[in-house]
file input.cif (mmCIF, C-alpha atoms)
data_start
#
loop_
_atom_site.label_atom_id
_atom_site.label_comp_id
_atom_site.auth_asym_id
_atom_site.auth_seq_id
_atom_site.Cartn_x
_atom_site.Cartn_y
_atom_site.Cartn_z
CA MET V 1 143.83 105.27 200.32
CA SER V 2 147.64 105.06 200.26
CA TYR V 3 149.44 102.11 201.83
CA ILE V 4 152.98 100.92 202.53
CA ASP V 5 154.22 97.36 202.04
CA PRO V 6 157.08 97.34 204.54
CA HIS V 7 158.50 93.94 203.57
CA ILE V 8 158.63 92.77 199.96
CA HIS V 9 161.39 91.32 197.77
CA MET V 10 160.94 93.19 194.52
CA VAL V 11 164.10 91.81 192.91
CA SER V 12 162.02 88.62 192.55
CA ARG V 13 158.93 90.38 191.17
CA THR V 14 158.00 91.68 187.75
CA THR V 15 157.53 95.26 186.66
CA ASP V 16 153.87 94.40 186.23
CA ASP V 17 153.73 93.81 189.99
CA TYR V 18 155.01 97.35 190.58
CA ARG V 19 152.25 98.63 188.30
CA ARG V 20 149.51 96.67 190.07
CA MET V 21 150.79 97.69 193.50
CA ALA V 22 150.81 101.36 192.48
CA GLN V 23 147.28 101.02 191.10
CA ALA V 24 146.20 99.53 194.46
CA GLY V 25 147.59 102.53 196.36
CA CYS V 26 151.11 101.48 197.30
CA VAL V 27 153.31 104.54 197.81
CA ALA V 28 156.34 103.04 199.56
CA ILE V 29 158.03 99.71 200.15
CA THR V 30 160.99 98.42 202.09
CA GLU V 31 163.00 95.49 200.76
CA PRO V 32 165.11 93.42 203.14
CA ALA V 33 168.07 91.41 201.86
CA PHE V 34 166.92 87.86 201.28
CA TRP V 35 167.94 84.34 200.30
CA ALA V 36 167.93 83.89 196.53
CA GLY V 37 166.53 80.35 196.67
CA PHE V 38 170.08 78.99 196.42
CA ASP V 39 173.25 79.71 198.38
CA ARG V 40 175.42 82.34 196.73
CA CYS V 41 179.00 81.16 196.40
CA SER V 42 181.00 84.40 196.60
CA VAL V 43 181.18 87.71 198.40
CA GLU V 44 181.09 89.37 194.98
CA GLY V 45 177.66 87.83 194.42
CA PHE V 46 176.46 89.70 197.50
CA ARG V 47 178.16 92.90 196.37
CA ASP V 48 176.13 92.74 193.16
CA TYR V 49 172.96 92.02 195.16
CA PHE V 50 173.55 95.01 197.44
CA ARG V 51 174.09 97.21 194.34
CA GLN V 52 170.78 95.92 193.01
CA LEU V 53 169.05 96.82 196.30
CA THR V 54 170.59 100.29 196.59
CA GLN V 55 170.75 101.39 192.93
CA VAL V 56 168.74 99.30 190.49
CA GLU V 57 165.55 98.61 192.43
CA PRO V 58 164.98 102.22 193.60
CA ALA V 59 165.08 103.37 189.98
CA ARG V 60 162.66 100.64 188.87
CA SER V 61 160.30 101.48 191.73
CA ALA V 62 160.41 105.22 191.09
CA ARG V 63 158.87 104.71 187.64
CA TYR V 64 155.65 103.79 189.44
CA GLY V 65 155.80 106.50 192.09
CA ILE V 66 156.72 104.01 194.83
CA ALA V 67 159.46 105.05 197.25
CA HIS V 68 161.97 102.20 197.68
CA HIS V 69 164.00 101.54 200.83
CA THR V 70 166.16 98.60 201.78
CA TRP V 71 167.83 96.66 204.59
CA LEU V 72 171.17 94.86 204.22
CA CYS V 73 172.50 91.60 205.65
CA ILE V 74 173.27 88.00 204.85
CA ASN V 75 170.03 86.14 205.41
CA PRO V 76 169.87 83.52 208.20
CA LYS V 77 169.33 80.76 205.63
CA GLU V 78 172.93 81.34 204.55
CA ALA V 79 174.32 81.82 208.05
CA GLU V 80 175.32 78.23 208.81
CA ASP V 81 178.73 78.95 207.21
CA ALA V 82 179.65 81.59 209.78
CA GLY V 83 183.05 82.32 208.21
CA PHE V 84 181.50 83.14 204.84
CA ALA V 85 178.77 85.15 206.55
CA ARG V 86 181.40 87.30 208.27
CA GLU V 87 183.07 87.95 204.91
CA VAL V 88 179.75 89.15 203.52
CA MET V 89 179.07 91.30 206.57
CA SER V 90 182.44 92.98 206.09
CA ILE V 91 181.24 94.62 202.84
CA ILE V 92 177.94 95.93 204.23
CA PRO V 93 179.48 99.20 205.51
CA GLU V 94 180.37 100.07 201.89
CA PHE V 95 176.63 100.46 201.23
CA LEU V 96 175.40 102.10 204.41
CA ASP V 97 175.67 105.61 202.97
CA ALA V 98 173.23 104.81 200.15
CA PRO V 99 170.21 107.08 200.58
CA ASN V 100 167.63 104.26 200.68
CA VAL V 101 169.27 102.10 203.38
CA LEU V 102 167.22 101.98 206.58
CA GLY V 103 169.17 99.43 208.56
CA ILE V 104 170.17 95.80 208.99
CA GLY V 105 167.72 93.10 207.91
CA GLU V 106 166.20 90.71 207.57
CA ILE V 107 168.44 89.08 210.12
CA GLY V 108 167.41 86.45 212.64
CA LEU V 109 167.38 82.69 212.79
CA ASN V 110 166.29 79.92 210.43
CA LYS V 111 166.88 76.55 212.13
CA ASN V 112 167.96 78.00 215.50
CA SER V 113 171.56 76.78 215.25
CA ARG V 114 174.58 78.04 217.15
CA ASN V 115 176.22 79.36 213.97
CA GLU V 116 173.06 81.24 212.99
CA LEU V 117 172.99 82.75 216.47
CA GLN V 118 176.63 83.88 216.16
CA VAL V 119 175.89 85.55 212.84
CA LEU V 120 172.80 87.20 214.29
CA GLU V 121 174.87 88.60 217.16
CA ALA V 122 177.43 89.98 214.69
CA HIS V 123 174.67 91.68 212.70
CA LEU V 124 173.22 93.20 215.88
CA ALA V 125 176.67 94.54 216.77
CA LEU V 126 176.92 96.08 213.29
CA ALA V 127 173.54 97.75 213.76
CA ALA V 128 174.56 99.06 217.18
CA ALA V 129 177.87 100.39 215.86
CA HIS V 130 176.14 102.38 213.10
CA ASP V 131 172.98 103.27 215.06
CA LEU V 132 170.75 101.50 212.54
CA LEU V 133 167.22 100.15 212.69
CA VAL V 134 166.85 96.37 212.66
CA LEU V 135 164.33 94.20 210.80
CA VAL V 136 164.19 90.65 212.17
CA HIS V 137 163.11 87.48 210.37
CA THR V 138 161.68 84.82 212.68
CA PRO V 139 161.95 81.16 211.68
CA HIS V 140 159.37 79.16 209.79
CA LEU V 141 156.66 76.87 211.15
CA GLU V 142 157.82 74.55 213.95
CA ASP V 143 160.99 76.62 214.50
CA LYS V 144 159.26 79.99 214.98
CA LEU V 145 158.36 79.89 218.68
CA LYS V 146 161.80 78.84 219.90
CA GLY V 147 163.59 81.11 217.42
CA THR V 148 161.56 84.16 218.39
CA MET V 149 162.50 83.72 222.03
CA LEU V 150 166.21 83.22 221.21
CA ILE V 151 166.18 86.30 218.97
CA MET V 152 164.57 88.57 221.55
CA ASP V 153 167.15 87.47 224.11
CA ALA V 154 169.97 88.16 221.62
CA VAL V 155 168.65 91.66 220.94
CA ALA V 156 168.43 92.35 224.65
CA ASN V 157 171.96 91.04 225.19
CA ALA V 158 173.20 93.33 222.41
CA GLY V 159 171.78 96.33 224.27
CA LEU V 160 169.59 97.50 221.40
CA ASP V 161 166.47 99.52 222.11
CA PRO V 162 163.48 97.27 221.24
CA ASP V 163 161.66 100.35 220.00
CA ARG V 164 164.15 100.40 217.09
CA VAL V 165 163.69 96.70 216.26
CA LEU V 166 160.81 95.13 214.32
CA ILE V 167 160.27 91.40 214.81
CA ASP V 168 158.61 90.12 211.66
CA HIS V 169 156.44 87.12 210.76
CA VAL V 170 154.67 87.03 214.15
CA GLU V 171 151.70 84.71 214.53
CA GLU V 172 149.26 83.82 217.30
CA HIS V 173 151.87 82.12 219.50
CA THR V 174 154.55 84.83 219.26
CA VAL V 175 152.83 88.20 218.88
CA GLY V 176 152.06 88.63 222.57
CA ALA V 177 155.64 88.08 223.75
CA VAL V 178 157.03 90.36 221.03
CA LEU V 179 154.74 93.26 221.93
CA ASP V 180 155.08 92.69 225.69
CA ARG V 181 158.87 93.06 225.41
CA GLY V 182 158.55 96.43 223.67
CA PHE V 183 159.38 95.43 220.10
CA TRP V 184 157.48 96.35 216.97
CA ALA V 185 155.73 93.40 215.33
CA GLY V 186 155.16 92.53 211.68
CA MET V 187 152.57 90.09 210.35
CA THR V 188 153.33 88.46 207.01
CA LEU V 189 150.41 87.55 204.77
CA TYR V 190 151.14 84.25 203.04
CA PRO V 191 148.73 81.76 201.48
CA ASP V 192 149.84 78.74 203.56
CA THR V 193 152.81 79.21 205.83
CA LYS V 194 152.27 82.44 207.78
CA CYS V 195 149.13 84.57 208.39
CA THR V 196 146.13 84.70 206.10
CA PRO V 197 144.49 88.13 205.91
CA GLN V 198 141.66 86.74 208.07
CA ARG V 199 143.99 85.55 210.84
CA ALA V 200 146.03 88.74 210.66
CA VAL V 201 142.90 90.78 211.33
CA ASP V 202 141.97 88.37 214.15
CA ILE V 203 145.38 89.12 215.70
CA LEU V 204 144.76 92.86 215.43
CA GLU V 205 141.39 92.44 217.14
CA ARG V 206 142.96 90.47 220.00
CA TRP V 207 146.27 92.24 220.52
CA GLY V 208 145.40 95.75 219.41
CA MET V 209 146.81 98.11 216.81
CA ASN V 210 149.86 99.57 218.54
CA ARG V 211 153.38 98.89 217.19
CA ILE V 212 152.23 96.39 214.57
CA TRP V 213 152.05 96.29 210.76
CA MET V 214 151.24 93.91 207.90
CA ASN V 215 153.35 93.01 204.89
CA SER V 216 153.24 90.71 201.88
CA ALA V 217 156.87 89.51 202.00
CA GLY V 218 156.29 88.88 198.30
CA ASP V 219 159.22 86.96 196.84
CA TRP V 220 159.99 84.15 194.36
CA GLY V 221 157.85 81.61 196.24
CA ASP V 222 154.15 81.28 197.03
CA SER V 223 153.27 84.85 197.95
CA ASP V 224 151.07 87.72 196.82
CA PRO V 225 152.37 91.26 196.23
CA LEU V 226 148.81 92.55 196.69
CA ALA V 227 148.33 90.85 200.06
CA VAL V 228 148.28 94.13 202.01
CA PRO V 229 145.38 95.67 200.04
CA LYS V 230 143.57 92.33 200.38
CA ALA V 231 143.99 92.49 204.16
CA ARG V 232 142.66 96.05 204.09
CA MET V 233 139.57 94.66 202.34
CA GLU V 234 139.27 92.10 205.13
CA MET V 235 139.32 94.90 207.71
CA ARG V 236 136.63 96.78 205.77
CA ARG V 237 134.55 93.60 205.53
CA ARG V 238 134.50 93.49 209.34
CA ARG V 239 133.61 97.19 209.58
CA HIS V 240 136.91 98.35 211.02
CA SER V 241 137.19 102.10 210.59
CA ALA V 242 139.08 103.82 207.81
CA GLU V 243 141.25 105.31 210.56
CA SER V 244 142.21 101.83 211.84
CA ILE V 245 142.98 100.58 208.34
CA ARG V 246 145.18 103.58 207.68
CA ARG V 247 146.89 103.15 211.03
CA ILE V 248 147.95 99.56 210.34
CA THR V 249 148.92 99.95 206.69
CA PHE V 250 150.33 103.48 206.66
CA ASP V 251 150.71 105.34 209.97
CA ASN V 252 152.39 102.53 211.92
CA PRO V 253 154.95 101.80 209.18
CA VAL V 254 155.71 105.52 208.90
CA ALA V 255 156.12 105.78 212.68
CA PHE V 256 158.66 102.95 212.85
CA LEU V 257 160.51 103.60 209.60
CA SER V 258 160.87 107.33 210.33
CA ARG V 259 163.24 106.38 213.14
CA SER V 260 165.72 106.17 210.24
CA GLY V 261 166.62 109.52 208.75
CA ASN V 262 166.68 107.85 205.32
CA PHE V 263 162.95 107.11 205.20
CA ARG V 264 161.24 109.36 202.65
CA ILE V 265 157.65 109.41 201.49
CA ASP V 266 155.73 111.92 199.40
CA ALA V 267 152.18 110.71 200.08
CA MET P 1 146.27 91.34 225.27
CA SER P 2 143.57 93.76 224.17
CA ASP P 3 139.93 93.08 224.96
CA ALA P 4 139.01 94.22 221.46
CA ARG P 5 136.33 92.16 219.76
CA CYS P 6 135.43 91.56 216.16
CA PRO P 7 133.01 94.33 215.15
CA LEU P 8 130.71 91.76 213.48
CA ASN P 9 128.12 89.87 215.49
CA ALA P 10 128.15 86.06 215.58
CA ALA P 11 125.51 85.63 212.89
CA GLU P 12 127.36 87.99 210.58
CA ILE P 13 130.60 86.06 211.14
CA VAL P 14 128.91 82.78 210.29
CA ASP P 15 127.26 84.28 207.21
CA ALA P 16 130.57 85.70 206.01
CA TYR P 17 132.86 82.76 206.70
CA PHE P 18 130.89 79.51 206.95
CA LEU P 19 131.30 78.29 203.36
CA GLU P 20 135.03 79.00 203.38
CA HIS P 21 135.50 76.88 206.50
CA ARG P 22 133.09 74.16 205.40
CA ALA P 23 135.40 73.72 202.42
CA LYS P 24 138.48 73.58 204.67
CA VAL P 25 136.98 70.83 206.83
CA LEU P 26 136.21 68.84 203.69
CA ASP P 27 139.80 69.36 202.51
CA ILE P 28 141.12 67.86 205.77
CA ALA P 29 138.73 64.92 205.50
CA ALA P 30 139.73 64.28 201.89
CA PHE P 31 143.43 64.56 202.78
CA LEU P 32 143.08 61.86 205.46
CA ASP P 33 141.00 59.69 203.09
CA ARG P 34 143.74 60.09 200.44
CA ILE P 35 146.35 58.78 202.87
CA ASP P 36 144.06 55.79 203.57
CA ARG P 37 143.94 55.12 199.82
CA ALA P 38 147.71 55.47 199.34
CA ALA P 39 149.43 52.79 197.27
CA ASP P 40 151.25 51.52 200.37
CA ALA P 41 148.27 51.74 202.73
CA PRO P 42 148.10 51.04 205.56
CA ALA P 43 151.39 52.93 206.05
CA ALA P 44 152.94 53.93 209.35
CA MET P 45 151.48 57.15 210.71
CA ASP P 46 153.60 60.14 209.65
CA TYR P 47 154.49 62.36 212.64
CA ARG P 48 153.02 65.39 210.85
CA VAL P 49 149.68 63.66 210.35
CA ALA P 50 149.70 62.51 213.96
CA ALA P 51 150.26 66.12 215.03
CA LEU P 52 147.44 67.30 212.77
CA ILE P 53 145.04 64.80 214.34
CA GLU P 54 146.04 66.03 217.81
CA CYS P 55 145.29 69.56 216.63
CA ILE P 56 141.83 68.46 215.54
CA ALA P 57 141.27 67.14 219.04
CA LEU P 58 142.19 70.58 220.41
CA LEU P 59 139.33 72.04 218.38
CA LEU P 60 136.91 69.82 220.26
CA ASP P 61 138.07 70.25 223.84
CA GLY P 62 135.75 73.15 224.60
CA GLU P 63 138.59 75.55 225.43
CA GLY P 64 139.23 78.88 223.66
CA ASP P 65 142.40 80.36 222.21
CA ARG P 66 142.48 77.52 219.69
CA ALA P 67 144.80 79.07 217.12
CA ARG P 68 147.53 79.83 219.66
CA ARG P 69 147.28 76.37 221.23
CA ILE P 70 147.50 74.68 217.84
CA GLN P 71 150.52 76.80 216.92
CA GLU P 72 152.19 75.69 220.14
CA ARG P 73 151.36 72.01 219.49
CA LEU P 74 153.05 72.35 216.10
CA SER P 75 156.15 74.04 217.56
CA ASP P 76 159.54 72.80 218.73
CA ARG P 77 159.29 73.33 222.50
CA THR P 78 163.02 72.99 223.23
CA SER P 79 164.91 76.14 224.16
CA GLU P 80 168.61 75.61 223.41
CA PRO P 81 170.19 76.30 219.98
CA VAL P 82 170.98 73.16 217.96
CA ASP P 83 174.60 72.38 217.13
CA ARG P 84 174.07 72.51 213.36
CA ALA P 85 171.18 73.38 211.07
CA PRO P 86 169.96 70.00 209.77
CA MET P 87 168.47 71.55 206.61
CA GLN P 88 167.30 74.94 205.38
CA GLY P 89 163.55 74.29 205.28
CA ALA P 90 160.88 73.46 207.84
CA MET P 91 158.38 70.58 208.00
CA GLY P 92 155.41 72.12 209.82
CA ALA P 93 155.53 70.00 212.96
CA PRO P 94 158.34 68.95 215.31
CA GLU P 95 159.66 65.48 214.52
CA ALA P 96 160.32 64.66 218.16
CA ASP P 97 157.38 65.33 220.43
CA GLY P 98 159.00 68.44 221.84
#
call {"tool": "encode", "arguments": {"input": "input.cif", "output": "structure tokens"}}
result
Amino acid sequence: MSYIDPHIHMVSRTTDDYRRMAQAGCVAITEPAFWAGFDRCSVEGFRDYFRQLTQVEPARSARYGIAHHTWLCINPKEAEDAGFAREVMSIIPEFLDAPNVLGIGEIGLNKNSRNELQVLEAHLALAAAHDLLVLVHTPHLEDKLKGTMLIMDAVANAGLDPDRVLIDHVEEHTVGAVLDRGFWAGMTLYPDTKCTPQRAVDILERWGMNRIWMNSAGDWGDSDPLAVPKARMEMRRRRHSAESIRRITFDNPVAFLSRSGNFRIDA
Amino acid sequence: MSDARCPLNAAEIVDAYFLEHRAKVLDIAAFLDRIDRAADAPAAMDYRVAALIECIALLLDGEGDRARRIQERLSDRTSEPVDRAPMQGAMGAPEADG
């Protein structure tokens, strides 16, 4: 059964990961712009990163029959320097015509600071100006609940349609508010700091299977690029139907991502 | 919220998951024992450990919706943006009892 991993940072993963993902049934991925694990010190560093996301990674992915799409931004972890963030945002339009760009992401908040919020608002304005989809990162651990609420208010203030915005990294205390306000929701499967496959399936059982997906958010840290197929196994273990499994790991991602004319899939 | 239930019955859930969670309870017990055996014991209670112990109490209060209530106990409950990001990471529990 084919699946989509709608949030994974393949620039941090090996070619062997692409092979194993393809063997497990992955047919498409989307890769949001991310923090490198250190703060980049120049706009040119971001220009190279955006070239990697729009040119290099799609070619690497194609060798394994996996369609590659991307989202561009400066990540909230690097948004405390709002002046630098604005310089980086000024080069994003140079890349918006690349055929694999779906929108702006992963934007959001990290420590819920005023500068981060300013940079988020500027990103939302950029998305509105170019009629782009938005992929939102919500903060980690103790900062998630507050940050999720601030982010949803910022999106509403920007006048964006919540049906074109996915709020990612939801957990038990945020999923209900995200879905109730009309957004799409993403659950990230991490070993310690987000959802385990078991808890993700619990969330599906409690909040339903509309406007929600699962992703690995595989990156350079503790993460698992095969987390989505492992969560599919968890659904099978509980006797969820093949139709439900396909809905969460294929149909729902296709439904949201197809709101961008740049989303392509052959499966 | 949906009324959807887990398709497994209670006995099947216990059969499938008991050992995994038995191990997790032992991990918590061993973690607390390790703090007791620390080189500087008895040390002042770390706010994160205090929060964890409060979460354990939530498991025993007889109420449902445990995961959401624990997530909320481990969350910053303020609502206004902070003036500056104090760091880039997160600690897992709010330092002030927010």
call {"tool": "resolve_selection", "arguments": {"input": "input.cif", "expression": "the PyMOL selection byres ((chain V) within 6 of (chain P))", "output": "list in words"}}
result
Lys111, Asn112, Ser113, Arg114, Leu141, Glu142, Asp143, Lys146, Glu172, His173, Glu205, Arg206, Trp207, Gly208 and Arg238 of chain V
call {"tool": "resolve_selection", "arguments": {"input": "input.cif", "expression": "the PyMOL selection byres ((chain V and resi 63-76) around 8)", "output": "number ranges by chain"}}
result
V: 18-19, 22, 26-35, 50, 53-54, 57-62, 77-80, 85, 88-89, 92, 100-110, 116, 119-120, 123, 135, 263-265
call {"tool": "residues_around", "arguments": {"input": "input.cif", "residues": "V:Val155", "least_positions_apart": "3", "cutoff": "12 Å", "atoms": "only C-alpha atoms", "output": "number ranges by chain"}}
result
V: 107-108, 117, 120-125, 127-128, 133-136, 148-152, 158-167, 178, 181-183
call {"tool": "write_last_selection", "arguments": {"input": "input.cif", "atoms": "C-alpha atoms", "output": "mmCIF file, in the frame of the given file"}}
result
data_model
loop_
_atom_site.group_PDB
_atom_site.id
_atom_site.type_symbol
_atom_site.label_atom_id
_atom_site.label_comp_id
_atom_site.auth_asym_id
_atom_site.auth_seq_id
_atom_site.Cartn_x
_atom_site.Cartn_y
_atom_site.Cartn_z
ATOM 1 C CA ILE V 107 168.440 89.080 210.120
ATOM 2 C CA GLY V 108 167.410 86.450 212.640
ATOM 3 C CA LEU V 117 172.990 82.750 216.470
ATOM 4 C CA LEU V 120 172.800 87.200 214.290
ATOM 5 C CA GLU V 121 174.870 88.600 217.160
ATOM 6 C CA ALA V 122 177.430 89.980 214.690
ATOM 7 C CA HIS V 123 174.670 91.680 212.700
ATOM 8 C CA LEU V 124 173.220 93.200 215.880
ATOM 9 C CA ALA V 125 176.670 94.540 216.770
ATOM 10 C CA ALA V 127 173.540 97.750 213.760
ATOM 11 C CA ALA V 128 174.560 99.060 217.180
ATOM 12 C CA LEU V 133 167.220 100.150 212.690
ATOM 13 C CA VAL V 134 166.850 96.370 212.660
ATOM 14 C CA LEU V 135 164.330 94.200 210.800
ATOM 15 C CA VAL V 136 164.190 90.650 212.170
ATOM 16 C CA THR V 148 161.560 84.160 218.390
ATOM 17 C CA MET V 149 162.500 83.720 222.030
ATOM 18 C CA LEU V 150 166.210 83.220 221.210
ATOM 19 C CA ILE V 151 166.180 86.300 218.970
ATOM 20 C CA MET V 152 164.570 88.570 221.550
ATOM 21 C CA ALA V 158 173.200 93.330 222.410
ATOM 22 C CA GLY V 159 171.780 96.330 224.270
ATOM 23 C CA LEU V 160 169.590 97.500 221.400
ATOM 24 C CA ASP V 161 166.470 99.520 222.110
ATOM 25 C CA PRO V 162 163.480 97.270 221.240
ATOM 26 C CA ASP V 163 161.660 100.350 220.000
ATOM 27 C CA ARG V 164 164.150 100.400 217.090
ATOM 28 C CA VAL V 165 163.690 96.700 216.260
ATOM 29 C CA LEU V 166 160.810 95.130 214.320
ATOM 30 C CA ILE V 167 160.270 91.400 214.810
ATOM 31 C CA VAL V 178 157.030 90.360 221.030
ATOM 32 C CA ARG V 181 158.870 93.060 225.410
ATOM 33 C CA GLY V 182 158.550 96.430 223.670
ATOM 34 C CA PHE V 183 159.380 95.430 220.100
#
call {"tool": "resolve_selection", "arguments": {"input": "input.cif", "expression": "the PyMOL selection byres ((chain V and resi 169) around 8)", "output": "VMD selection string"}}
result
chain V and resid 137 to 138 167 to 168 170 to 171 185 to 188 194
call {"tool": "write_last_selection", "arguments": {"input": "input.cif", "atoms": "C-alpha atoms", "output": "PDB file, in the frame of the given file"}}
result
ATOM      1  CA  HIS V 137     163.110  87.480 210.370  1.00  0.00           C
ATOM      2  CA  THR V 138     161.680  84.820 212.680  1.00  0.00           C
ATOM      3  CA  ILE V 167     160.270  91.400 214.810  1.00  0.00           C
ATOM      4  CA  ASP V 168     158.610  90.120 211.660  1.00  0.00           C
ATOM      5  CA  VAL V 170     154.670  87.030 214.150  1.00  0.00           C
ATOM      6  CA  GLU V 171     151.700  84.710 214.530  1.00  0.00           C
ATOM      7  CA  ALA V 185     155.730  93.400 215.330  1.00  0.00           C
ATOM      8  CA  GLY V 186     155.160  92.530 211.680  1.00  0.00           C
ATOM      9  CA  MET V 187     152.570  90.090 210.350  1.00  0.00           C
ATOM     10  CA  THR V 188     153.330  88.460 207.010  1.00  0.00           C
ATOM     11  CA  LYS V 194     152.270  82.440 207.780  1.00  0.00           C
TER      12      LYS V 194
END
call {"tool": "closest_residue", "arguments": {"input": "input.cif", "among": "V:Ile8, V:Met235, V:Val56, V:Leu204", "to": "V:Gly221", "atoms": "all atoms listed in the file"}}
result
V:Ile8
call {"tool": "atom_distance", "arguments": {"input": "input.cif", "atom1": "atom CA of P:Glu20", "atom2": "atom CA of V:Ile245"}}
result
23.5 Å
call {"tool": "atom_distance", "arguments": {"input": "input.cif", "atom1": "atom CA of V:Gln198", "atom2": "atom CA of V:Tyr3"}}
result
18.3 Å
call {"tool": "closest_residue", "arguments": {"input": "input.cif", "among": "V:Arg51, V:His140, V:Arg247, V:Arg211", "to": "V:Val175", "atoms": "only C-alpha atoms"}}
result
V:Arg211
call {"tool": "atom_distance", "arguments": {"input": "input.cif", "atom1": "atom CA of V:Leu96", "atom2": "atom CA of V:Arg259"}}
result
15.6 Å
call {"tool": "axis_aligned_box", "arguments": {"input": "input.cif", "around": "stretch 179-198 of chain V", "padding_each_side": "3 Å", "output": "JSON"}}
result
{"center_x": 150.5, "center_y": 87.6, "center_z": 213.6, "size_x": 23.7, "size_y": 23.7, "size_z": 30.2}
call {"tool": "closest_residue", "arguments": {"input": "input.cif", "among": "V:Ala255, V:Met214, V:Ala156, V:Val201", "to": "V:Glu234", "atoms": "all atoms listed in the file"}}
result
V:Val201
call {"tool": "closest_residue", "arguments": {"input": "input.cif", "among": "V:Trp220, V:Ser2, V:Thr174, V:Arg246", "to": "V:Gly147", "atoms": "only C-alpha atoms"}}
result
V:Thr174
call {"tool": "build_atoms", "arguments": {"input": "input.cif", "residues": "stretch 48-64 of chain P", "atoms": "N, CA and C atoms", "output": "short mmCIF file (atom, residue, chain, number, x, y, z; two decimals), in the coordinates of the input"}}
result
data_model
loop_
_atom_site.label_atom_id
_atom_site.label_comp_id
_atom_site.auth_asym_id
_atom_site.auth_seq_id
_atom_site.Cartn_x
_atom_site.Cartn_y
_atom_site.Cartn_z
N ARG P 48 153.75 64.15 211.14
CA ARG P 48 153.02 65.39 210.85
C ARG P 48 151.51 65.13 210.86
N VAL P 49 151.11 63.98 210.34
CA VAL P 49 149.68 63.66 210.35
C VAL P 49 149.20 63.41 211.77
N ALA P 50 150.06 62.74 212.56
CA ALA P 50 149.70 62.51 213.96
C ALA P 50 149.50 63.85 214.68
N ALA P 51 150.38 64.80 214.40
CA ALA P 51 150.26 66.12 215.03
C ALA P 51 148.97 66.81 214.57
N LEU P 52 148.66 66.67 213.29
CA LEU P 52 147.44 67.30 212.77
C LEU P 52 146.20 66.73 213.47
N ILE P 53 146.20 65.42 213.68
CA ILE P 53 145.04 64.80 214.34
C ILE P 53 144.94 65.28 215.79
N GLU P 54 146.08 65.46 216.44
CA GLU P 54 146.04 66.03 217.81
C GLU P 54 145.49 67.45 217.78
N CYS P 55 145.82 68.18 216.74
CA CYS P 55 145.29 69.56 216.63
C CYS P 55 143.77 69.54 216.46
N ILE P 56 143.28 68.57 215.71
CA ILE P 56 141.83 68.46 215.54
C ILE P 56 141.16 68.20 216.88
N ALA P 57 141.83 67.39 217.70
CA ALA P 57 141.27 67.14 219.04
C ALA P 57 141.23 68.43 219.87
N LEU P 58 142.21 69.31 219.68
CA LEU P 58 142.19 70.58 220.41
C LEU P 58 140.97 71.43 220.04
N LEU P 59 140.51 71.27 218.80
CA LEU P 59 139.33 72.04 218.38
C LEU P 59 138.08 71.62 219.15
N LEU P 60 138.12 70.40 219.67
CA LEU P 60 136.91 69.82 220.26
C LEU P 60 136.92 69.80 221.77
N ASP P 61 137.95 70.40 222.39
CA ASP P 61 138.07 70.25 223.84
C ASP P 61 137.28 71.30 224.63
N GLY P 62 136.60 72.19 223.91
CA GLY P 62 135.75 73.15 224.60
C GLY P 62 136.49 74.37 225.14
N GLU P 63 137.81 74.41 224.96
CA GLU P 63 138.59 75.55 225.43
C GLU P 63 138.73 76.58 224.30
N GLY P 64 139.02 77.84 224.67
CA GLY P 64 139.23 78.88 223.66
C GLY P 64 140.69 78.97 223.25
#
